[in-house]
Structure formats: structure tokens, C-alpha cells
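Everything below concerns the one structure shown next.
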Amino acid sequence: MKTHCPIVVLISGNGSNLQALIDHSLHSNYKISAVISNRPNAFGLERAKRDGIATEVVDHSQYQDRKEFDLALQNCIDKYQPRLVVLAGFMRLLGADFVRHYSGRLLNIHPSLLPKYPGMHTHQRAIDAGDSEHGVSVHFVTEEMDGGPVIAQDKVSILPEDNAASLAEKVLEKEHLLYPKVVSWFAADRLQMRDNQALLDDELLPAGGIQVHP
Ligand code: GAR
């Protein structure tokens with residue numbers, strides 16, 4: 001029997017993407033070895049415990065600086081020897097050494113159609129800009145914040161009655177479908193990062209990655 005790809009998931013909060021990854025892992029090709037939070041009270045930790053998944057807290061407020069925190073986080077992750085590290089609502093910036101250590105095996109999900117709206121408050125920014133569509137991107141993490149090569153995107157329409165909360169909800173629905181899909185591509189050895197570009201089945205992906213919406 002083929003072994004499941006061991007992954008570690010990093011969270012900071014609610015963990016609804018983590019939940020989607022847990023749910024899909026039951027009939028997929030990856031296994032969540034541990035969930036690590038930088039916030040001790042992140043609800044996602046409860047989700048993991050409920051499913052018997054190991055949990056760890058590496059509380060950023062207990063470290064002198066980012067370098068020290070990154071190193072503690074790295075040591076904690078590496079205890080589990082994952083093939084892939086998945087950022088799922090992990091809200092800390094990670095330093096260059098950390099990112100290099102996991103180069104090509106560190107994924108992030110971001111609630112915008114990158115390269116639009118890196119950083120925070122993406123839903124409000126899309127509304128304020130008068131955009132007619134918005135969405136989610138999954139990308140490899142590189143040293144540039146939210147700037148690594150995009151693997152896949154899914155879109156939603158912005159309707160006149162939408163506000164940041166309603167839009168976030170619609171985008172989250174797409175996130176929950178997209179992230180497990182991309183993780184399973186990686187687990188099947190179909191996904192790679194080479195020369196700062198994403199490849200699926202040895203084919204270079206276009207700048208916006210694969211568009212999964214109809
Ligand atoms: C998600 O929308 C995710 O895309 C976003 O935080 C939310 C976490 O929700 N991530 C970022 O903004 C990273 N820059 P969750 O905790 O319910 O998965």
C-alpha cells in the first residue's frame with residue numbers, strides 16, 4: 001500500500017481550512033502529522049485534538065525576535081519530518097532562513113486573486129477598488145510576502161450587496177475546496193517549484209496558476 005504524504009499544518013485561528021484538510025485527508029493521499037499554532041487559544045487546535053491529531057503551540061510572544069521564533073517553529077515542525085508544510089490561516093510573517101529551509105515544500109492560501117491584494121483586509125480592498133470578482137490563491141511560499149508562484153485560483157463574483165464579511169464567507173467556501181485539492185497534487189508528486197515557478201505534471205503553470213472555476 002502506498003504511504004500517505006506526511007504534512008504539518010500551521011494555524012493562528014479558527015482553522016476552517018484545517019478542518020477541510022482534515023475532512024479530505026480521510027480519503028486522500030496525505031496525512032496530517034501535527035497542527036502547530038502560534039496562538040495558544042486558536043480554535044483550530046481543538047479541531048485537531050478532536051481528530052486525535054498531535055498539536056503544538058509555539059507562541060510568538062514568548063520569543064525575543066522573529067529569528068528566535070522561526071527557529072523554534074522550525075525545530076517543532078522538523079520533529080514530525082513532514083514532506084510538506086501547509087500554512088492555513090497562519091498570520092505571522094516568516095523569515096528568509098525559514099522559508100529557504102522549506103523551499104518547494106511550503107504552501108500558503110491567500111484570500112485574493114494574487115498578485116492583487118497581498119497582505120491584510122483583502123475583501124474590503126477588492127470591494128473598495130470596485131472589482132467585479134475576487135477569490136483565493138494557493139501558492140508556494142518564497143521570501144516575498146504573498147509573492148511566491150501561484151499554483152491555483154478560484155473566483156467568486158462581487159455583488160452590489162456584498163460586504164467584507166459576506167465576501168469572506170463566499171471565498172472561504174472556495175478555499176475549503178481548493179486547498180485539499182492542491183495538497184493532494186503535492187502528495188501525489190505532481191507539483192513542484194523550480195526556478196521560482198510552479199509546475200504541475202512537469203508543465204509550467206501560467207502566472208495565475210490553474211483556474212479551477214468553470
Ligand atoms: C483564510 O481566509 C485564509 O485564506 C486567510 O485567513 C483565513 C483563515 O481562516 N489567510 C491569510 O489571510 C494569510 N495571509 P481559517 O482559520 O478559518 O482557515
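Residue numbering restarts at 1 for every chain of the C-alpha cells, chains are lettered A, B, ... in their displayed order, and ligands are numbered from 1 as they appear.
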
Practice prompt. Could you report the residues within 8 Å of ligand 1, using only C-alpha atoms and all ligand atoms, as a ChimeraX atom specification?
Written response: /A:11-19,44,87-91,108-111,118-122,136,146,168,171-172,175

Item to complete: May I have all residues of segment 21-192 of chain A that DSSP, computed from the backbone, assigns to alpha helix (DSSP H), given as number ranges by chain?
Response: A: 21-25, 43-50, 66-78, 96-101, 122-128, 164-187

Item to complete: Name the residues of segment 79-209 of chain A that come out as strand (DSSP E) in a backbone DSSP run; write them as a PyMOL selection string.
Response: chain A and resi 84-87+106-110+133-140+150-157+191-194+197-200+203-204

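If you look at atom CA of Tyr30 of chain A and atom CA of His60 of chain A, they are 27.8 Å away from each other.
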
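Between atom CA of Val183 of chain A and atom CA of Lys67 of chain A lies a distance of 27.5 Å.
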
Please, which residues in segment 44-68 of chain A fall within 12 Å of segment 95-107 of chain A when counting only C-alpha atoms, and what is the closest atom pair and distance in Å to one decimal for each, ordered by chain then residue number, as CSV?
```
residue,atom,partner,partner_atom,distance
A:Asp65,CA,A:Gly95,CA,10.8
A:Arg66,CA,A:Gly95,CA,7.2
A:Lys67,CA,A:Gly95,CA,7.0
A:Glu68,CA,A:Gly95,CA,10.3
```

Deliver the residues from the most recent selection as a file, using N, CA and C atoms, as an mmCIF file, in the first residue's frame.
```
data_model
loop_
_atom_site.group_PDB
_atom_site.id
_atom_site.type_symbol
_atom_site.label_atom_id
_atom_site.label_comp_id
_atom_site.auth_asym_id
_atom_site.auth_seq_id
_atom_site.Cartn_x
_atom_site.Cartn_y
_atom_site.Cartn_z
ATOM 1 N N ASP A 65 12.789 37.700 19.280
ATOM 2 C CA ASP A 65 12.660 38.284 17.942
ATOM 3 C C ASP A 65 12.194 37.211 16.959
ATOM 4 N N ARG A 66 12.026 37.643 15.729
ATOM 5 C CA ARG A 66 11.478 36.745 14.723
ATOM 6 C C ARG A 66 12.409 35.564 14.442
ATOM 7 N N LYS A 67 13.714 35.837 14.460
ATOM 8 C CA LYS A 67 14.688 34.774 14.171
ATOM 9 C C LYS A 67 14.539 33.625 15.175
ATOM 10 N N GLU A 68 14.434 34.017 16.452
ATOM 11 C CA GLU A 68 14.322 33.006 17.509
ATOM 12 C C GLU A 68 13.012 32.223 17.380
#
```

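The interatomic distance for the pair atom CA of Ala152 of chain A and atom CA of Ile36 of chain A works out to 24.4 Å.
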
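Between Asp59 of chain A and the candidates A:Arg190, A:His139, A:Arg39, A:Lys174, the tightest atom-to-atom separation, counting only C-alpha atoms, involves A:Arg39.
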
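Non-sequential neighbours of Phe186 of chain A (distance at most 10 Å, separation of 5 or more positions within a chain, only C-alpha atoms) are Cys5, Asn29, Tyr30, Arg83, Leu84, Arg105, Leu107, Pro180, Lys181, Leu191, Gln192 and Leu200 of chain A.
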
Could you take the residues named above and write them with all heavy atoms, as an mmCIF file, in the first residue's frame?
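Okay, part03.cif is ready:
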```
data_model
loop_
_atom_site.group_PDB
_atom_site.id
_atom_site.type_symbol
_atom_site.label_atom_id
_atom_site.label_comp_id
_atom_site.auth_asym_id
_atom_site.auth_seq_id
_atom_site.Cartn_x
_atom_site.Cartn_y
_atom_site.Cartn_z
ATOM 1 N N CYS A 5 1.378 10.938 2.372
ATOM 2 C CA CYS A 5 2.375 12.013 2.481
ATOM 3 C C CYS A 5 2.181 12.730 3.827
ATOM 4 O O CYS A 5 1.108 13.298 4.087
ATOM 5 C CB CYS A 5 2.151 12.986 1.322
ATOM 6 S SG CYS A 5 3.119 14.486 1.421
ATOM 7 N N ASN A 29 -4.501 11.234 -0.080
ATOM 8 C CA ASN A 29 -3.166 10.635 -0.111
ATOM 9 C C ASN A 29 -2.189 11.346 0.820
ATOM 10 O O ASN A 29 -0.988 11.241 0.650
ATOM 11 C CB ASN A 29 -2.643 10.661 -1.559
ATOM 12 C CG ASN A 29 -2.714 12.063 -2.145
ATOM 13 O OD1 ASN A 29 -3.164 13.003 -1.468
ATOM 14 N ND2 ASN A 29 -2.267 12.216 -3.369
ATOM 15 N N TYR A 30 -2.706 12.171 1.739
ATOM 16 C CA TYR A 30 -1.834 12.836 2.704
ATOM 17 C C TYR A 30 -2.370 12.582 4.120
ATOM 18 O O TYR A 30 -3.546 12.237 4.302
ATOM 19 C CB TYR A 30 -1.746 14.345 2.425
ATOM 20 C CG TYR A 30 -3.070 15.069 2.543
ATOM 21 C CD1 TYR A 30 -3.509 15.574 3.763
ATOM 22 C CD2 TYR A 30 -3.911 15.224 1.440
ATOM 23 C CE1 TYR A 30 -4.736 16.221 3.876
ATOM 24 C CE2 TYR A 30 -5.133 15.866 1.538
ATOM 25 C CZ TYR A 30 -5.538 16.360 2.758
ATOM 26 O OH TYR A 30 -6.755 16.990 2.882
ATOM 27 N N ARG A 83 6.787 15.997 4.745
ATOM 28 C CA ARG A 83 7.245 16.281 3.370
ATOM 29 C C ARG A 83 6.751 17.653 2.934
ATOM 30 O O ARG A 83 7.293 18.259 2.028
ATOM 31 C CB ARG A 83 6.709 15.221 2.403
ATOM 32 C CG ARG A 83 7.661 14.027 2.262
ATOM 33 C CD ARG A 83 7.117 13.022 1.274
ATOM 34 N NE ARG A 83 6.832 13.635 -0.008
ATOM 35 C CZ ARG A 83 5.903 13.184 -0.865
ATOM 36 N NH1 ARG A 83 5.182 12.126 -0.567
ATOM 37 N NH2 ARG A 83 5.705 13.794 -2.013
ATOM 38 N N LEU A 84 5.659 18.101 3.553
ATOM 39 C CA LEU A 84 5.041 19.360 3.148
ATOM 40 C C LEU A 84 4.581 20.132 4.383
ATOM 41 O O LEU A 84 4.056 19.538 5.331
ATOM 42 C CB LEU A 84 3.822 19.059 2.263
ATOM 43 C CG LEU A 84 2.993 20.246 1.795
ATOM 44 C CD1 LEU A 84 3.779 21.103 0.803
ATOM 45 C CD2 LEU A 84 1.695 19.770 1.128
ATOM 46 N N ARG A 105 8.466 23.156 -0.545
ATOM 47 C CA ARG A 105 7.537 22.296 0.214
ATOM 48 C C ARG A 105 6.824 23.081 1.310
ATOM 49 O O ARG A 105 6.514 22.574 2.378
ATOM 50 C CB ARG A 105 8.231 21.053 0.762
ATOM 51 C CG ARG A 105 9.471 21.320 1.551
ATOM 52 C CD ARG A 105 10.272 20.041 1.787
ATOM 53 N NE ARG A 105 11.267 20.242 2.816
ATOM 54 C CZ ARG A 105 11.130 19.861 4.081
ATOM 55 N NH1 ARG A 105 10.057 19.229 4.495
ATOM 56 N NH2 ARG A 105 12.077 20.096 4.956
ATOM 57 N N LEU A 107 3.464 25.680 1.454
ATOM 58 C CA LEU A 107 2.315 26.237 0.718
ATOM 59 C C LEU A 107 1.555 27.219 1.601
ATOM 60 O O LEU A 107 1.506 27.070 2.816
ATOM 61 C CB LEU A 107 1.331 25.130 0.317
ATOM 62 C CG LEU A 107 1.802 24.013 -0.601
ATOM 63 C CD1 LEU A 107 0.624 23.080 -0.912
ATOM 64 C CD2 LEU A 107 2.379 24.567 -1.898
ATOM 65 N N PRO A 180 -7.401 21.362 -0.145
ATOM 66 C CA PRO A 180 -7.165 19.910 -0.133
ATOM 67 C C PRO A 180 -6.766 19.376 -1.510
ATOM 68 O O PRO A 180 -5.952 18.467 -1.616
ATOM 69 C CB PRO A 180 -8.519 19.330 0.296
ATOM 70 C CG PRO A 180 -9.186 20.438 1.031
ATOM 71 C CD PRO A 180 -8.749 21.696 0.347
ATOM 72 N N LYS A 181 -7.342 19.982 -2.562
ATOM 73 C CA LYS A 181 -7.023 19.537 -3.917
ATOM 74 C C LYS A 181 -5.535 19.755 -4.211
ATOM 75 O O LYS A 181 -4.829 18.861 -4.689
ATOM 76 C CB LYS A 181 -7.893 20.338 -4.908
ATOM 77 C CG LYS A 181 -7.846 19.807 -6.327
ATOM 78 C CD LYS A 181 -8.559 20.735 -7.296
ATOM 79 C CE LYS A 181 -10.030 20.909 -7.012
ATOM 80 N NZ LYS A 181 -10.920 20.480 -8.048
ATOM 81 N N LEU A 191 3.399 18.125 -8.129
ATOM 82 C CA LEU A 191 3.599 19.568 -8.007
ATOM 83 C C LEU A 191 5.025 19.874 -7.571
ATOM 84 O O LEU A 191 5.540 19.233 -6.661
ATOM 85 C CB LEU A 191 2.622 20.048 -6.931
ATOM 86 C CG LEU A 191 2.297 21.508 -6.832
ATOM 87 C CD1 LEU A 191 1.728 22.016 -8.139
ATOM 88 C CD2 LEU A 191 1.267 21.697 -5.715
ATOM 89 N N GLN A 192 5.620 20.860 -8.236
ATOM 90 C CA GLN A 192 6.994 21.238 -7.873
ATOM 91 C C GLN A 192 7.190 22.730 -8.027
ATOM 92 O O GLN A 192 6.474 23.378 -8.811
ATOM 93 C CB GLN A 192 7.976 20.594 -8.855
ATOM 94 C CG GLN A 192 8.270 19.154 -8.596
ATOM 95 C CD GLN A 192 9.125 18.614 -9.714
ATOM 96 O OE1 GLN A 192 8.741 18.688 -10.883
ATOM 97 N NE2 GLN A 192 10.290 18.119 -9.360
ATOM 98 N N LEU A 200 3.065 21.691 -12.647
ATOM 99 C CA LEU A 200 2.162 20.576 -12.360
ATOM 100 C C LEU A 200 2.366 19.544 -13.460
ATOM 101 O O LEU A 200 2.290 19.884 -14.657
ATOM 102 C CB LEU A 200 0.704 21.054 -12.332
ATOM 103 C CG LEU A 200 -0.323 19.981 -11.964
ATOM 104 C CD1 LEU A 200 -0.175 19.519 -10.516
ATOM 105 C CD2 LEU A 200 -1.749 20.492 -12.187
#
```

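Residues in contact range of Asp131 of chain A, defined as at most 12 Å between only C-alpha atoms, with sequence neighbours fewer than 5 positions away removed, read Ser112, Leu113, Lys116, Tyr117, Thr122, His123, Gln124, Arg125, Ala126, Lys155, Val156, Ser157, Ile158, Leu159, Pro160, Asp162 and Leu167 of chain A.
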
Practice prompt. Do a neighbour search on Val212 of chain A at 7 Å with only C-alpha atoms, toss out local chain neighbours closer than 2 positions, and write the hits as an MDAnalysis selection string.
Written response: chainID A and resid 152:154 210 214

The selected residues should be written to file as a PDB file, in the first residue's frame (atoms: N, CA, C and O atoms).
```
ATOM      1  N   ALA A 152      -2.820  27.621  -7.963  1.00  0.00           N
ATOM      2  CA  ALA A 152      -4.220  27.530  -8.401  1.00  0.00           C
ATOM      3  C   ALA A 152      -5.033  28.662  -7.785  1.00  0.00           C
ATOM      4  O   ALA A 152      -4.705  29.175  -6.712  1.00  0.00           O
ATOM      5  N   GLN A 153      -6.094  29.025  -8.519  1.00  0.00           N
ATOM      6  CA  GLN A 153      -7.010  30.072  -8.041  1.00  0.00           C
ATOM      7  C   GLN A 153      -8.449  29.648  -8.291  1.00  0.00           C
ATOM      8  O   GLN A 153      -8.733  28.891  -9.219  1.00  0.00           O
ATOM      9  N   ASP A 154      -9.333  30.171  -7.466  1.00  0.00           N
ATOM     10  CA  ASP A 154     -10.764  30.030  -7.730  1.00  0.00           C
ATOM     11  C   ASP A 154     -11.406  31.398  -7.472  1.00  0.00           C
ATOM     12  O   ASP A 154     -10.932  32.170  -6.639  1.00  0.00           O
ATOM     13  N   ILE A 210      -3.421  27.440 -12.011  1.00  0.00           N
ATOM     14  CA  ILE A 210      -4.575  26.785 -12.644  1.00  0.00           C
ATOM     15  C   ILE A 210      -5.848  27.481 -12.174  1.00  0.00           C
ATOM     16  O   ILE A 210      -6.019  27.736 -10.987  1.00  0.00           O
ATOM     17  N   PRO A 214     -15.348  27.300 -13.203  1.00  0.00           N
ATOM     18  CA  PRO A 214     -15.833  26.913 -14.531  1.00  0.00           C
ATOM     19  C   PRO A 214     -15.581  27.999 -15.580  1.00  0.00           C
ATOM     20  O   PRO A 214     -15.514  29.156 -15.262  1.00  0.00           O
TER      21      PRO A 214
END
```

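Taking only C-alpha atoms into account, Glu173 of chain A lies nearest to A:Ala20 out of the set A:Leu93, A:Ile127, A:Ala20, A:Ala34.
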
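For the choices A:Val8, A:Phe43, A:Ser184, A:Val85, the atom-to-atom distance to His27 of chain A is smallest for A:Ser184 when using only C-alpha atoms.
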
Practice prompt. Would you list the contacts of Gly52 of chain A as a ChimeraX atom specification, taking every protein, DNA or RNA residue within 12 Å and counting only C-alpha atoms, but skipping same-chain residues closer than 2 positions in sequence?
Written response: /A:22,32-35,45-50,54-55

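Of the residues under consideration (A:Glu143, A:Leu199, A:Val57, A:His134), A:His134 shows the shortest atom-to-atom contact distance to Lys170 of chain A when counting only C-alpha atoms.
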